[in-house]
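A quick write-up on the structure given underneath.
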Amino acid sequence: MLRKLLWILLISFPLFAILCASFSEENPTDRRVLVLLDDFAIKSSHSLYFKSLESRGFDLDFKLAGDPKLALQRYGQYLYDAAILFCPTVERFGGSIHVASLLDFVDSGHDLIIAADASGSELIRDIAVECGVDFDEDPAAFVIDHTSYAVSETEGDHTLIASDDLIQSEVILGSKKIEAPVLFKGIGHSINPANNLVLKVLSASPAAYSANPNSKLSSPPTLTGSAISLVSVVQARNNARVLISGSLSMFSNWFFRSGVQKAGSTTKYEKCGNEQFLTELSKWVFHERGHLKAVNVRHHKVGEVDEPSIYRIKDDLDYSVEVYEWSGTSWEPYVADDLQVQFYMMSPYVLKTLSTDHKGRYYTSFKVPDVYGVFQFKVEYQRLGYTSLSLSKQIPVRPFRHNEYERFIPAAYPYYGASFSMVMFDIGFRE
Amino acid sequence: MARNLGFLVVALLVLASSCESAIFSPVSDSHRSAALELFSPVDGSFGSLEETYEALKTFAVLGIEKKPDIRTSACASVADILQSTSSALKDLFHALRVNGILRCDLKNEAFRDQTSVVDVHLGDADKIFRSIKALSQSDGRWRLSSNNPESSNDAAGIALETLAGVISLASSEIDHSLIATLKNDIAKLFDGIERYDDGTCYFDEKLVDARGHHGPLSASASVVRGITAFAAVASESLNLPGEKILGLAKFFLGIGIPGSAKDLGSVPLILSLPATVLSVTKKDQLRVRVSTVLGSSAPPLSVKLMQIFISGSKNASIIDQKLKFDPDNSVHVLEKLPPNVNVGNYIFSFEVVFDDPEHKKNYVTGGRTKVPIHFTGIIKIDGAEIAVLDSDLGSIETQKKLELPGENAVALSANHLQKLRLSFQLITPAGQAFKPHQAFLKLRHESGVEHIFVVGNSGKKFEIILDFLGLVEKFYYLSGSYEIQLTIGDSVMENSFLQPLGHIELDLPDAPEKAARPPPQPIDPYTRYGPKAEITHIFRAPEKRPPRELSLAFLGLVLLPFFGFLAGLVHLRANLKIWPKSTVPATFAGLFHLGIAAVLLLYAFFWFKTPDTELIVGRSLGMDILVLSIAKQEDKKLVLCQPTSSFVFVALHIAEGGPIGPNGRPIKESRRTTSSTALPTFLIYVRIRTQKRQEKLNTRKNKRNPKENLRKRKGDKRNQDLEPSTSRKRPRDISKPESEDDVENSRSLSLEENFTFSDTLMALRMMRAQFPHIEKVSVEPFVLQSQLYSSIKDRTQVDRELESLRRDKLLRMFKLSTGQDDHAIMFTEDYLNQIERVVRRMEEKKQNDLTVFEWFKMHVIKSKLDTSISHQELVKVRKHQNQALLY
């Protein structure tokens with residue numbers, strides 16, 4: 001026992017740790033991904049998806065979910081920057097991975113892709129619940145949709161859904177519109193309405209419901225209509241991103257390559273939207289889009305260059321900040337017209353939209369309010385799909401000094417004159 | 001070999017198609033195009049010869065004609081490898097395999113050299129055969145090696161393939177009895193085959209060996225390859241059960257590996273249906289295609305529909321109907337559906353009958369094939385109506401007919417004592433009642449709260465009655481307009497729909513206090529974000545002042561008497577006759593008037609804002625400020641202002657132009673200290689405090705021995721350097737006297753010869769003494785932090801003292817992995833001893849790399865006092881050291 005303890009003590013010095021961090025603004029190109037699989041067959045049957053990741057420079061490490069040598073971190077350093085869980089049936093991870101360690105992984109800013117499937121395991125559900133997503137509790141349930149299923153000559157139970165209810169966000173799904181519907185076959189989930197970190201990316205149509213297709217419905221299903229989310233994403237407060245899908249097969253080569261015709265529509269697409277949808281989504285999840293950074297926060301009095309240590313009330317000041325977006329290879333200027341700065345003490349005194357020069361620089365100028373105290377320049381930028389920017393810089397504001405007021409008030413001229421003449425009278429009478 | 005096989009299997013697997021459907025289709029063009037896409041060469045060649053082989057083999061198996069043109073590049077690399085004498089055997093192997101498919105034109109002599117390597121004959125083939133055979137098990141499975149008792153199907157496949165190789169290489173004929181037993185084994189192996197309900201067979205693999213788990217796919221493929229190889233060399237019929245061969249073929253087709261089972265003795269025929277979702281309304285015909293696995297046509301045969309099961313029930317109707325063959329499309333068509341087939345899900349059972357009984361020997365059909373078939377149709381909705389009923393009597397208040405599917409916009413109103421009734425009938429094209437899977441009535445309140453009800457049926461009629469009295473609580477007492485939506489859908493209903501029916505105005509009682517609140521509705525993500533409304537500060541309106549002209553007018557008025565007075569003086573001819581004539585009074589009078597003039601001048605300066613004079617004027621107001629201006633030059637006299645220091649502070653503050661709070665005290669500004677003129681203020685402030693403390697300290701210090709005092713002063717400087725910037729907001733100068741005090745305490749604690757021990761150190765030493773000394777366990781004593789906490793009352797004190805002891809390098813803290821805040825404390829010397837011990841033990845075991853311990857002791861322990869050290873820090877330490885060595 002003691003010997004064991006001692007070894008723990010000695011091991012606690014990480015002498016030969018391996019450098020690894022989550023998406024970092026310093027070296028964003030260095031990305032290793034752990035892929036956990038139920039079966040190595042998935043590596044081949046989903047190879048198109050993996051290939052698209054590899055071609056974008058990700059280093060995929062395929063492991064069986066039950067592998068006893070699995071580890072996310074060594075000597076306190078994470079070995080991977082992201083993880084993909086394509087193991088919907090695993091009941092227990094091998095090695096040192098468990099729910100808590102995966103959540104720690106996300107808590108330290110790493111990304112995660114989870115694919116569940118019908119008859120998914122408790123473990124995957126648990127992870128999903130921790131991410132704010134509740135899968136249908138019935139293990140035999142499928143998402144069924146009798147009005148927007150994919151027309152097929154061999155699939156008769158309407159569990160293969162063609163959904164085109166995508167989130168309207170260019171940053172998440174790319175600027176190119178996804179024309180063809182996305183095929184989905186699997187389990188649905190719902191997201192907690194109080195949780196504003198989770199976004200429904202692909203939702204079911206209003207007529208969909210989640211139930212076991214082989215049994216008769218006696219009570220209303222728990223999940224119905226567009227409340228059913230098929231694919232959701234989470235962006236945590238630390239900008240870690242998680243993708244949760246209720247279907248593993250939607251990532252498969254088969255789905256990537258199959259055509260689709262939605263029930264009730266006559267257009268038949270040669271290729272369904274899965275490949276574009278999931279590839280674009282993986283770009284977002286792995287921070288190739290929508291990751292902002294703000295640099296060069298500057299403020300100074302109008303006409304000056306140096307940043308003062310204190311402002312006086314009613315000073316005119318200039319504020320500027322540069323915002324860049326990571327494009328997968330380099331930091332590009334971020335162009336938007338809704339970046340706002342607040343001059344804040346307990347509540348915003350000034351809230352102003354910044355103008356931009358379309359090269360990443362945002363600037364504005366305003367007058368310091370006539371209230372003194374310790375203020376903050378605050379930029380709180382939260383937009384759908386973008387990482388949140390939260391900048392604050394403290395700056396005190398002082399009132400006028402006694403000698404900074406007006407020297408001679410015209411209204412007081414009579415008093416000055418009176419006292420002056422008074423003194424003169426005095427001298428004159430004395431003499 | 002097995003690895004390659006596995007690889008091939010995996011590579012082929014990507015052709016996956018229709019995994020979850022129970023209908024197996026032969027290999028089609030979609031598979032081929034998928035294969036072409038997957039094996040697309042980069043720059044005219046595949047990465048390695050192994051990959052080239054996989055690609056070529058796949059193309060060959062699938063019969064793809066339009067291969068990407070890789071022949072030249074592949075052949076070149078094959079020739080390269082065959083010609084070089086130093087190629088690895090593995091490369092040779094792959095090169096020969098690729099050559100086997102491509103048949104490159106190789107220079108003859110180069111090839112001849114290498115063939116000698118391959119041309120080996122086994123002399124004692126019998127012996128080898130027997131030794132391999134020894135691995136087989138009674139159930140037909142084989143072991144991987146003689147010392148591994150676990151058997152596996154995968155191993156059986158490998159063994160069979162190896163044995164086939166042995167037979168082919170054997171110089172003499174192998175004993176027939178051996179081959180006979182082997183055939184027996186294969187038969188047994190097939191007995192252990194697993195099977196699905198739909199006739200698919202596969203070999204399962206339970207053994208997980210060092211190379212990882214092989215799935216059923218890999219195991220089945222291995223067995224099939226083994227048997228194929230064996231059948232090829234043994235030139236004997238294996239008599240394998242036909243339905244099992246077919247099952248295997250289906251298994252591979254199901255996951256996309258065609259062709260593997262074709263050479264097992266007889267050719268499996270696959271019965272497939274181009275479409276299994278058939279519309280009754282459109283009168284779709286049921287077509288059946290029979291072909292080999294690779295899609296080539298079958299010999300003349302006829303297909304019979306034998307049985308029809310209604311899925312979900314065990315009832316089967318027996319029909320013996322022959323399908324008509326359509327030679328143009330080579331499909332068998334069921335011309336007329338059996339009369340009892342309606343809209344719904346069925347399972348059809350087919351049987352293949354050969355026209356020529358001879359074919360039975362060469363082809364396997366596997367008896368009856370069951371295929372699930374969905375018949376869809378348009379369902380007619382009849383008698384749909386919605387009504388509001390009075391509760392007790394059941395009398396109808398309002399009733400509206402609905403047109404379904406179609407546009408409806410009913411407007412109803414009801415209170416909590418009434419009921420809502422919705423009823424309709426569903427009729428299939430054949431005129432029978434139909435029960436859909438999905439029949440939901442949805443009521444949706446304006447606020448977004450939804451309630452869903454399943455519409456039940458009684459016989460033909462679907463009816464739901466919502467008694468609002470019982471539902472008030474479920475509706476969260478929310479009155480208002482509810483949208484009504486009806487969804488009817490089924491997988492066999494072609495006109496599934498979701499229709500808004502209109503809305504109902506509900507008048508429900510007010511919610512009691514304890515009633516449950518409606519659940520929160522999700523916020524639309526698009527509106528959640530977005531720019532906020534701009535805020536501009538409204539400045540305080542400037543004071544109202546009279547117009548400038550008015551002030552000037554009044555100034556003129558005020559000055560008018562003065563000018564009058566001057567005029568009067570001139571008029572009266574005023575003079576200075578009263579001015580004293582004698583020297584002394586004249587001097588004093590002059591001085592007096594000069595004084596007044598000076599004051600007036602100062603006021604004038606002040607008014608016209610000359611900065612220096614401003615201070616003089618300000619300071620001449622009080623005595624204290626005069627003292628201060630002296631103090632500014634000579635620091636020593638600062639003590640003088642001690643009694644009135646606060647006043648000085650305020651005064652100077654005013655002089656600085658700083659704001660004064662309502663209570664007369666200056667408002668502190670955090671940046672003030674940096675301004676140069678403000679520094680003296682703080683100096684005064686500080687000095688006064690220091691003075692007081694110093695006195696106190698002196699009285700205390702006198703009790704200690706002078707030698708220690710001296711040492712303390714020396715230590716001071718060092719400790720200050722070590723001390724990291726604390727979070728204290730006061731400037732360094734102020735905190736100095738206090739920190740001096742702290743340092744002094746810790747110094748005295750750290751010195752063992754000192755008389756005053758801290759409680760913490762005492763406790764630590766006591767616990768260390770009590771640490772159990774067990775003979776065989778060589779662990780130096782350590783103490784848990786929790787132990788320390790429990791034995792000393794003041795935890796804050798413990799923390800403080802531990803921190804200072806740690807900084808003095810007397811102790812070392814270790815994080816324990818047992819809990820988040822579990823720490824162990826060890827004396828540094830003990831820790832060093834422990835390292836020594838480990839080093840000694842490693843030396844005994846003759847392990848190298850002991851320098852790292854020395855290095856760690858030399859450089860890390862001294863400088864890094866924390867419980868952990870990061871990789872970067874270590875690298876930095878290392879770098880520093882290297883630089884130090886360089887210079």
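Scheme for the structure tokens: letters A, B, ... for chains in order shown; per-chain residue numbers from 1; ligand numbers from 1 in order shown.
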*Output the contact residues of chain B with respect to chain A at a cut-off of 7 Å, based on only C-alpha atoms, as a PyMOL selection string.*
chain B and resi 10-11+13-14+16-17+275-277+374+437+452-454+487+489-491+496-498+520-523+529-531+534-537+539+545-546+548+551-552+554-555+558-559+562+576+657-659+671+777+779+814+816+868-871
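Assigned to helix (DSSP H, G or I) in stretch 143-268 of chain A, given DSSP computed from backbone atoms, are Glu170, Val171, Ile172, Leu173, Gly225, Ser226, Ala227, Ser249, Met250, Phe251, Asn253, Trp254, Phe255, Phe256 and Arg257 of chain A.
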Within 10 Å of A:Leu389 using only C-alpha atoms, minus same-chain residues under 3 positions, as a compact mmCIF listing (two decimals) with C-alpha atoms, in the first residue's frame:
# COMPACT_ATOMS: atom_id res chain seq x y z
CA ASN A 239 -15.74 27.37 -26.83
CA HIS A 291 -13.66 30.81 -34.22
CA LEU A 292 -13.00 34.46 -33.49
CA LYS A 293 -10.15 36.16 -31.75
CA ALA A 294 -9.83 39.76 -30.78
CA VAL A 323 -11.24 40.74 -34.81
CA LEU A 339 -19.98 44.30 -33.11
CA LYS A 378 -16.80 45.70 -22.70
CA VAL A 379 -17.21 43.79 -25.92
CA GLU A 380 -19.67 40.93 -25.47
CA TYR A 381 -20.08 39.37 -28.86
CA GLN A 382 -22.27 36.31 -29.08
CA ARG A 383 -23.60 35.26 -32.40
CA TYR A 386 -19.48 31.93 -33.52
CA SER A 392 -13.24 43.89 -20.89
_So that I can check the surroundings of A:Lys185, please list as JSON, numbers by chain every protein, DNA and RNA residue that reaches within 10 Å of it, counting only C-alpha atoms and ignoring chain neighbours fewer than 2 positions away._
{"A": [117, 118, 142, 143, 144, 149, 158, 159, 160, 161, 162, 183, 187, 188, 230, 246, 247, 248, 249, 250, 255]}
*Between B:Ala430, B:Leu246, B:Ala232, B:Ile379, single out the one closest to B:Pro339, counting only C-alpha atoms.*
B:Ala430
_Residues within 8 Å of B:Met826, please, as a list in words. Count only C-alpha atoms; anything in the same chain fewer than 6 positions from it doesn't count._
Pro781, Phe782, Val783, Leu811, Arg812, Met813 and Phe814 of chain B
_Report as a PyMOL selection string all protein, DNA and RNA residues lying within 12 Å of A:Val234, evaluated on only C-alpha atoms, omitting residues in the same chain fewer than 2 positions from it._
chain A and resi 106+110-114+128-133+172+191-192+195-201+231-232+236-245+281+284-285+384-387
Can I get the selection written as a PDB file, in the first residue's frame, with C-alpha atoms?
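Once written, again-v3.pdb looks like this:
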ATOM      1  CA  VAL A 106     -14.620  18.792 -23.118  1.00  0.00           C
ATOM      2  CA  HIS A 110     -11.644  19.927 -26.588  1.00  0.00           C
ATOM      3  CA  ASP A 111     -14.139  19.015 -29.261  1.00  0.00           C
ATOM      4  CA  LEU A 112     -16.280  15.931 -29.450  1.00  0.00           C
ATOM      5  CA  ILE A 113     -18.419  14.211 -32.067  1.00  0.00           C
ATOM      6  CA  ILE A 114     -20.913  11.703 -30.724  1.00  0.00           C
ATOM      7  CA  ALA A 128     -25.287  13.149 -24.279  1.00  0.00           C
ATOM      8  CA  VAL A 129     -27.294  14.063 -21.199  1.00  0.00           C
ATOM      9  CA  GLU A 130     -24.254  15.788 -19.754  1.00  0.00           C
ATOM     10  CA  CYS A 131     -24.035  17.769 -22.972  1.00  0.00           C
ATOM     11  CA  GLY A 132     -27.640  18.888 -22.581  1.00  0.00           C
ATOM     12  CA  VAL A 133     -29.277  16.457 -24.957  1.00  0.00           C
ATOM     13  CA  ILE A 172     -22.255  26.398 -39.048  1.00  0.00           C
ATOM     14  CA  ILE A 191     -32.870  19.554 -26.059  1.00  0.00           C
ATOM     15  CA  ASN A 192     -33.595  21.259 -22.810  1.00  0.00           C
ATOM     16  CA  ASN A 195     -30.109  25.318 -22.180  1.00  0.00           C
ATOM     17  CA  ASN A 196     -29.022  27.979 -24.598  1.00  0.00           C
ATOM     18  CA  LEU A 197     -25.720  26.377 -25.450  1.00  0.00           C
ATOM     19  CA  VAL A 198     -27.323  23.619 -27.510  1.00  0.00           C
ATOM     20  CA  LEU A 199     -28.529  24.269 -31.026  1.00  0.00           C
ATOM     21  CA  LYS A 200     -30.712  22.096 -33.196  1.00  0.00           C
ATOM     22  CA  VAL A 201     -28.900  21.821 -36.490  1.00  0.00           C
ATOM     23  CA  VAL A 231     -28.461  16.474 -35.069  1.00  0.00           C
ATOM     24  CA  SER A 232     -27.509  19.032 -32.443  1.00  0.00           C
ATOM     25  CA  ALA A 236     -19.698  25.287 -24.378  1.00  0.00           C
ATOM     26  CA  ARG A 237     -18.748  28.461 -22.587  1.00  0.00           C
ATOM     27  CA  ASN A 238     -15.106  27.608 -23.075  1.00  0.00           C
ATOM     28  CA  ASN A 239     -15.739  27.365 -26.830  1.00  0.00           C
ATOM     29  CA  ALA A 240     -15.427  23.585 -26.882  1.00  0.00           C
ATOM     30  CA  ARG A 241     -17.744  22.236 -29.526  1.00  0.00           C
ATOM     31  CA  VAL A 242     -19.742  19.036 -29.436  1.00  0.00           C
ATOM     32  CA  LEU A 243     -21.730  17.436 -32.227  1.00  0.00           C
ATOM     33  CA  ILE A 244     -24.433  14.974 -31.245  1.00  0.00           C
ATOM     34  CA  SER A 245     -26.164  12.905 -33.849  1.00  0.00           C
ATOM     35  CA  LEU A 281     -20.533  20.602 -39.774  1.00  0.00           C
ATOM     36  CA  TRP A 284     -17.415  23.996 -37.641  1.00  0.00           C
ATOM     37  CA  VAL A 285     -16.938  21.496 -34.833  1.00  0.00           C
ATOM     38  CA  LEU A 384     -25.154  32.047 -33.577  1.00  0.00           C
ATOM     39  CA  GLY A 385     -22.357  29.642 -34.348  1.00  0.00           C
ATOM     40  CA  TYR A 386     -19.485  31.926 -33.523  1.00  0.00           C
ATOM     41  CA  THR A 387     -17.313  31.561 -30.488  1.00  0.00           C
TER      42      THR A 387
END
*What does the distance from atom CA of B:Gly157 to atom CA of B:Cys201 come to in Å, to one decimal?*
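Atom-to-atom, atom CA of B:Gly157 to atom CA of B:Cys201, that is 15.8 Å.
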*Nearest to B:Val343: which of B:Ile427, B:Ile158, B:Ile396, B:Leu402 is it, counting only C-alpha atoms?*
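Comparing B:Ile427, B:Ile158, B:Ile396, B:Leu402 against B:Val343, the winner is B:Ile427.
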*Name the residues of stretch 291-398 of chain A that fall into strand (DSSP E or B) according to DSSP on the backbone, using the chain letters and numbers of this document, as a count of residues only.*
68
